[in-house]
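Enquirer: What follows is a structure written as structure tokens; I'll ask about it next.
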Amino acid sequence: MHAAWGEIDRRLLIRLGTAGLAALALPGAARAAMAQGFTHGVASGEPSAHSVLLWTRYAAASDAQLTAELSESADFARVAGGGSVTAAGERDYTAKITVDGLEPGRCYYYRFVAPDGSKSPTGRTRTLPAGPTSAFTLALFSCSNLPFGWFNAYAHAAARQDIDLIVHAGDYLYEYPVGDYPSLRQALPGREIQPTHEMVSLADYRLRYASYRADPDLQRLHALFPMIAQWDDHEFTNDAWKGGAENHDEGEGEWAARAAVAERVYREWMPVADTRWRDYQVGDLATIFLPETRVNGRDRQFELGEIIAGGGDPAARLKTFAETDYRDPARQMLGAEQENWLFEGFAQSTKAGTRWQVCAQQVVMGSLFSPPETRDWFAGDQPDYVRRRVETGQLAAKAGLPLNLDAWDGYPAARSRLLAAAQRADADLVTLTGDTHNAWAFDLEEDGRPAGIEIAGQSVTSPGFEAYIPGISDEVRVAALRRSSPQLKWANTEDRGYVTVQLRRERVTAHWHNVETIRTRSPALKGTHSMTATRGRRTFDAA
């Protein structure tokens, strides 16, 4: 436990926790979005050793000039930094300011003051360490679909004192209309979102963020810890790529316009810098890279149904595809410019003597293959489209093709370039991942040699394998997946939660924390699974 973090008093915790509850007490998320004053608490992000970005939202009849104050004590007896920032209507009355001149590895409290003297809730943040660093703990989150249930994973993390940084790997919110993922039957009463239709326009995206940011547990997490965050697809729309998305349809306008709106609103409502990719230096312990894998450089995903369409033997078509187009070296996940930035970053980090190279990105990098048992898991009265998908998946596996072509498995040449770059740099690579809603631990390899480990986190609320194969136990599912996927070392395919990652000089330890439920508001844990990797091995240690 960090002593400085333990100094926060009970009264401050109460103030931090009740800001969001007050918003939810209003009759509906739309009413919360229309409230005046400091409507959605505070947040911080983009920490460095000497600076941090502060965020708030202040709604008023016109633009308002706010004063940001930052102090080493919760009573603000001495202001250590701050500045003036405008909450402007053209940015949905959100305000962001970067405060410089801070001390490394230091806990700070912060707030905003409005022109009328009213004050925002008080937040707490922390700068990154500088120089020799022995320990650092981050918490990994992804895939938080509000109508599916309570954000109990956020609540559990917010009650801790040992977290230095939050990493959100994407799907911070979802674009769907009410009644579509989750269905009306699946949705939890009282977890309403606005607008009720799919978010498409500028106003839609803003209102959806306002709905999510009214959640008390999410507000409290933001108020207590700095966050680094990157979007995945649902901040835009499902299965996005640089030229479109699966869930962008006719009548919804030009894709470029919608993508620009989504990116604009993300930057308004999140405590993030206005750059698409960036990195963070944690003393001499770790460099954390935050690439963007979704809308800047990603080529369109392969679709197995399209590959086997047009007649002929499906197995033969898949085999030909696996040997040709699937391995096309021109296909990109990151794009050439971002690849150069990341690969050079690996080399510079190791040359500087940094112990760990952490790549916090959005989609699974380890290879996962459909097990032959899948055909039995979906036996019985299943819709035709499910039966066809299972059959196609089985044929794909026999052709050597993986399960999820939307992940790095659909971009094998791009993945090989990344892992080879890590090997050339002699990097101790740790990949942090979201997206799949389930928890995974992979040993990554390239050219038959270890290349690093992957820590993939379970979702906050979005359903995983257990929702689609309810009659099969987690033990049976995981055993079959491990037999079919040699890189997979462990998995949990039934629980929601989050991961804490403890970085030490000679080891990294991942703790997957599973919440008991998301159907009632409770931070209680069902259990925790832990795995460790020793520096220099580039694999998980044997259990």
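Here's how to read the names in the structure tokens: chain A, B, ... by the order shown, residue numbers from 1 in each chain, ligand numbers from 1 in the order shown.
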From the DSSP assignment of the backbone, select every residue of segment 124-257 of chain A that is strand (DSSP E or B), and format the answer as a list of chain:residue names.
Expert: A:Arg124, A:Thr125, A:Arg126, A:Ala135, A:Phe136, A:Thr137, A:Leu138, A:Ala139, A:Leu140, A:Phe141, A:Leu165, A:Ile166, A:Val167, A:His168, A:Gly179, A:Ser183, A:Pro226, A:Met227, A:Ile228, A:Ala229, A:Ala240, A:Trp241, A:Gly244, A:Ala245
Enquirer: Could you write out that same residue set with C-alpha atoms as a short mmCIF file (atom, residue, chain, number, x, y, z; two decimals), in the first residue's frame?
Expert:
data_model
loop_
_atom_site.label_atom_id
_atom_site.label_comp_id
_atom_site.auth_asym_id
_atom_site.auth_seq_id
_atom_site.Cartn_x
_atom_site.Cartn_y
_atom_site.Cartn_z
CA ARG A 124 -7.24 12.49 -6.34
CA THR A 125 -4.51 11.71 -8.84
CA ARG A 126 -0.87 10.65 -9.00
CA ALA A 135 7.02 -1.46 -7.94
CA PHE A 136 3.99 -0.18 -9.82
CA THR A 137 0.41 -1.50 -9.95
CA LEU A 138 -2.13 -0.86 -12.66
CA ALA A 139 -5.73 -2.00 -13.06
CA LEU A 140 -7.03 -3.17 -16.45
CA PHE A 141 -10.67 -2.73 -17.53
CA LEU A 165 -2.93 3.79 -12.66
CA ILE A 166 -6.10 2.67 -14.45
CA VAL A 167 -5.84 1.32 -17.99
CA HIS A 168 -9.07 1.16 -19.99
CA GLY A 179 -33.44 -3.61 -26.57
CA SER A 183 -32.30 -7.45 -25.24
CA PRO A 226 -5.53 8.65 -13.11
CA MET A 227 -6.60 6.73 -16.21
CA ILE A 228 -5.01 6.08 -19.58
CA ALA A 229 -7.59 4.98 -22.13
CA ALA A 240 -15.05 -0.77 -36.96
CA TRP A 241 -12.06 -0.48 -39.29
CA GLY A 244 -16.32 1.41 -42.20
CA ALA A 245 -17.90 -0.92 -39.65
#
Enquirer: Could you list, as a count of residues only, every residue within 12 Å of Gly283 of chain A, counting only C-alpha atoms and ignoring same-chain residues fewer than 2 positions away?
Expert: 30
Enquirer: Measure the distance from atom CA of Asn247 of chain A to atom CA of Tyr176 of chain A in Å and round it to one decimal.
Expert: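 These atoms are spaced 9.2 Å apart.
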Enquirer: Using DSSP assignments from the backbone, pull out every residue in segment 210-306 of chain A that falls under helix (DSSP H, G or I) and give it to me as a ChimeraX atom specification.
Expert: /A:210-213,216-224,255-269,304-306
Enquirer: Would you write out those residues with N, CA and C atoms, as a compact mmCIF listing (two decimals), in the first residue's frame?
Expert:
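What ended up in result.txt:
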# COMPACT_ATOMS: atom_id res chain seq x y z
N ALA A 210 -22.90 10.97 -21.51
CA ALA A 210 -23.50 11.56 -20.31
C ALA A 210 -24.23 10.50 -19.50
N SER A 211 -24.90 9.58 -20.18
CA SER A 211 -25.61 8.50 -19.49
C SER A 211 -24.64 7.62 -18.71
N TYR A 212 -23.57 7.20 -19.37
CA TYR A 212 -22.60 6.32 -18.72
C TYR A 212 -21.88 7.04 -17.58
N ARG A 213 -21.49 8.28 -17.82
CA ARG A 213 -20.70 8.99 -16.82
C ARG A 213 -21.54 9.43 -15.61
N PRO A 216 -22.44 6.04 -10.62
CA PRO A 216 -21.67 6.45 -9.44
C PRO A 216 -20.33 5.74 -9.30
N ASP A 217 -20.28 4.47 -9.67
CA ASP A 217 -19.03 3.73 -9.50
C ASP A 217 -17.99 4.14 -10.53
N LEU A 218 -18.43 4.44 -11.74
CA LEU A 218 -17.51 4.94 -12.75
C LEU A 218 -17.01 6.34 -12.37
N GLN A 219 -17.89 7.19 -11.87
CA GLN A 219 -17.46 8.52 -11.43
C GLN A 219 -16.43 8.42 -10.32
N ARG A 220 -16.65 7.52 -9.39
CA ARG A 220 -15.73 7.41 -8.25
C ARG A 220 -14.38 6.87 -8.69
N LEU A 221 -14.37 5.91 -9.60
CA LEU A 221 -13.10 5.39 -10.11
C LEU A 221 -12.30 6.51 -10.78
N HIS A 222 -12.98 7.29 -11.62
CA HIS A 222 -12.30 8.41 -12.28
C HIS A 222 -11.78 9.42 -11.26
N ALA A 223 -12.53 9.66 -10.22
CA ALA A 223 -12.15 10.68 -9.24
C ALA A 223 -10.95 10.26 -8.40
N LEU A 224 -10.72 8.97 -8.25
CA LEU A 224 -9.70 8.48 -7.33
C LEU A 224 -8.38 8.10 -7.98
N TRP A 255 -19.24 7.16 -43.50
CA TRP A 255 -18.49 6.61 -42.39
C TRP A 255 -17.48 7.62 -41.83
N ALA A 256 -16.79 8.32 -42.69
CA ALA A 256 -15.78 9.26 -42.22
C ALA A 256 -16.38 10.31 -41.31
N ALA A 257 -17.59 10.76 -41.62
CA ALA A 257 -18.24 11.77 -40.78
C ALA A 257 -18.62 11.19 -39.42
N ARG A 258 -19.15 9.96 -39.42
CA ARG A 258 -19.52 9.34 -38.15
C ARG A 258 -18.28 9.05 -37.30
N ALA A 259 -17.21 8.57 -37.93
CA ALA A 259 -15.99 8.28 -37.19
C ALA A 259 -15.41 9.56 -36.58
N ALA A 260 -15.47 10.66 -37.33
CA ALA A 260 -14.96 11.94 -36.81
C ALA A 260 -15.77 12.40 -35.61
N VAL A 261 -17.08 12.23 -35.66
CA VAL A 261 -17.94 12.58 -34.53
C VAL A 261 -17.60 11.73 -33.31
N ALA A 262 -17.46 10.42 -33.52
CA ALA A 262 -17.15 9.51 -32.41
C ALA A 262 -15.82 9.88 -31.75
N GLU A 263 -14.81 10.18 -32.58
CA GLU A 263 -13.52 10.55 -32.03
C GLU A 263 -13.60 11.89 -31.30
N ARG A 264 -14.33 12.83 -31.85
CA ARG A 264 -14.47 14.14 -31.21
C ARG A 264 -15.10 14.01 -29.83
N VAL A 265 -16.18 13.25 -29.73
CA VAL A 265 -16.89 13.15 -28.45
C VAL A 265 -16.07 12.35 -27.44
N TYR A 266 -15.35 11.33 -27.90
CA TYR A 266 -14.45 10.60 -27.01
C TYR A 266 -13.45 11.55 -26.37
N ARG A 267 -12.89 12.43 -27.17
CA ARG A 267 -11.90 13.37 -26.65
C ARG A 267 -12.55 14.42 -25.74
N GLU A 268 -13.80 14.76 -25.99
CA GLU A 268 -14.49 15.69 -25.10
C GLU A 268 -14.71 15.08 -23.72
N TRP A 269 -15.19 13.85 -23.69
CA TRP A 269 -15.69 13.26 -22.45
C TRP A 269 -14.67 12.43 -21.69
N LEU A 304 -15.40 -15.18 -42.77
CA LEU A 304 -15.38 -16.56 -43.27
C LEU A 304 -16.54 -16.81 -44.22
N GLY A 305 -17.71 -16.22 -43.92
CA GLY A 305 -18.86 -16.44 -44.80
C GLY A 305 -18.62 -15.94 -46.21
N GLU A 306 -17.92 -14.80 -46.32
CA GLU A 306 -17.60 -14.26 -47.65
C GLU A 306 -16.58 -15.14 -48.37
Enquirer: Which is closest to Glu303 of chain A among A:Asn404, A:Gln361, A:Ala88, A:Asp376, if we use only C-alpha atoms?
Expert: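 Ranked by minimum distance to Glu303 of chain A, first place goes to A:Asn404.
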Enquirer: Find the residues around segment 316-328 of chain A up to 10 Å (only C-alpha atoms counted), leave out those fewer than 2 positions away in its own chain, and share them as a ChimeraX atom specification.
Expert: /A:302,304,307-314,330-332,392,395-402,405,409-414
Enquirer: Which residues, written as a list in words, have at least one atom at most 10 Å from Ile455 of chain A, with only C-alpha atoms counted and residues fewer than 5 positions away on the same chain left out?
Expert: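 Final neighbour list, sorted by chain and number: Leu140, Ala360, Val364, Met365, Gly366, Val430, Thr431, Leu432, Thr433, Gly434, Ala439, Trp440, Ala441, Phe442, Asp443, Val499, Thr500, Val501, Thr509, Ala510, His511, Trp512, Met531 and Phe540 of chain A.
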Enquirer: For Val85 of chain A, which of A:Ile472, A:Ala114, A:Ala427, A:Val390 is the closest residue, counting only C-alpha atoms?
Expert: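 Smallest distance to Val85 of chain A is found for A:Ala114.
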Enquirer: Quick one: residues within 10 Å of Tyr181 of chain A, only C-alpha atoms counted, chain neighbours fewer than 6 positions away excluded, as a compact mmCIF listing (two decimals) with N, CA and C atoms, in the first residue's frame?
Expert:
# COMPACT_ATOMS: atom_id res chain seq x y z
N ASN A 145 -20.81 -2.53 -20.59
CA ASN A 145 -22.11 -2.28 -21.20
C ASN A 145 -23.11 -2.03 -20.07
N PRO A 147 -26.46 -1.33 -19.57
CA PRO A 147 -27.74 -2.00 -19.31
C PRO A 147 -27.61 -3.46 -18.89
N PHE A 148 -26.45 -4.11 -19.12
CA PHE A 148 -26.29 -5.50 -18.70
C PHE A 148 -26.19 -5.63 -17.18
N TYR A 174 -21.23 1.42 -25.21
CA TYR A 174 -21.75 0.70 -26.38
C TYR A 174 -22.76 1.57 -27.12
N GLU A 175 -22.85 1.33 -28.42
CA GLU A 175 -23.62 2.20 -29.29
C GLU A 175 -25.07 1.78 -29.51
N ALA A 187 -31.79 -6.93 -20.15
CA ALA A 187 -31.42 -5.66 -19.55
C ALA A 187 -31.86 -5.59 -18.09
N SER A 462 -20.14 -6.98 -20.00
CA SER A 462 -20.59 -7.61 -21.25
C SER A 462 -20.45 -9.13 -21.18
N PRO A 463 -21.42 -9.88 -21.69
CA PRO A 463 -21.40 -11.34 -21.56
C PRO A 463 -20.34 -11.99 -22.43
Enquirer: Within 6 Å of Ala155 of chain A, counting only C-alpha atoms, which residues show up once you throw out same-chain ones fewer than 2 positions away? Write them as a list in words, please.
Expert: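 Listed by chain and then number, they are Asn152, Ala153, Ala157, Ala158, Asp217 and Pro523 of chain A.
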Enquirer: One number please: atom CA of Trp55 of chain A to atom CA of Gln362 of chain A, in Å, one decimal.
Expert: 23.4 Å
Enquirer: Report the distance between atom CA of Asp204 of chain A and atom CA of Gly170 of chain A in Å, rounded to one decimal place.
Expert: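 So the answer is 18.9 Å.
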Enquirer: Which residue, A:Val478, A:Leu54, A:Leu207, A:Ala407, has the smallest gap to Asp92 of chain A when you use only C-alpha atoms?
Expert: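 With only C-alpha atoms as the atom set, the closest residue is A:Leu207.
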Enquirer: Within 10 Å of segment 74-80 of chain A, which residues of segment 108-165 of chain A show up? Give each one with its shortest atom-to-atom distance in Å (one decimal) and the two atoms involved, counting only C-alpha atoms, rows by chain then rising residue number, as a tab-separated table.
Expert:
residue	atom	partner	partner_atom	distance
A:Tyr108	CA	A:Ala74	CA	8.2
A:Tyr109	CA	A:Ala74	CA	5.8
A:Tyr110	CA	A:Ala74	CA	8.1
A:Arg111	CA	A:Phe76	CA	9.2
A:Thr122	CA	A:Ala74	CA	7.9
A:Gly123	CA	A:Ala74	CA	8.9
A:Arg124	CA	A:Ala74	CA	8.5
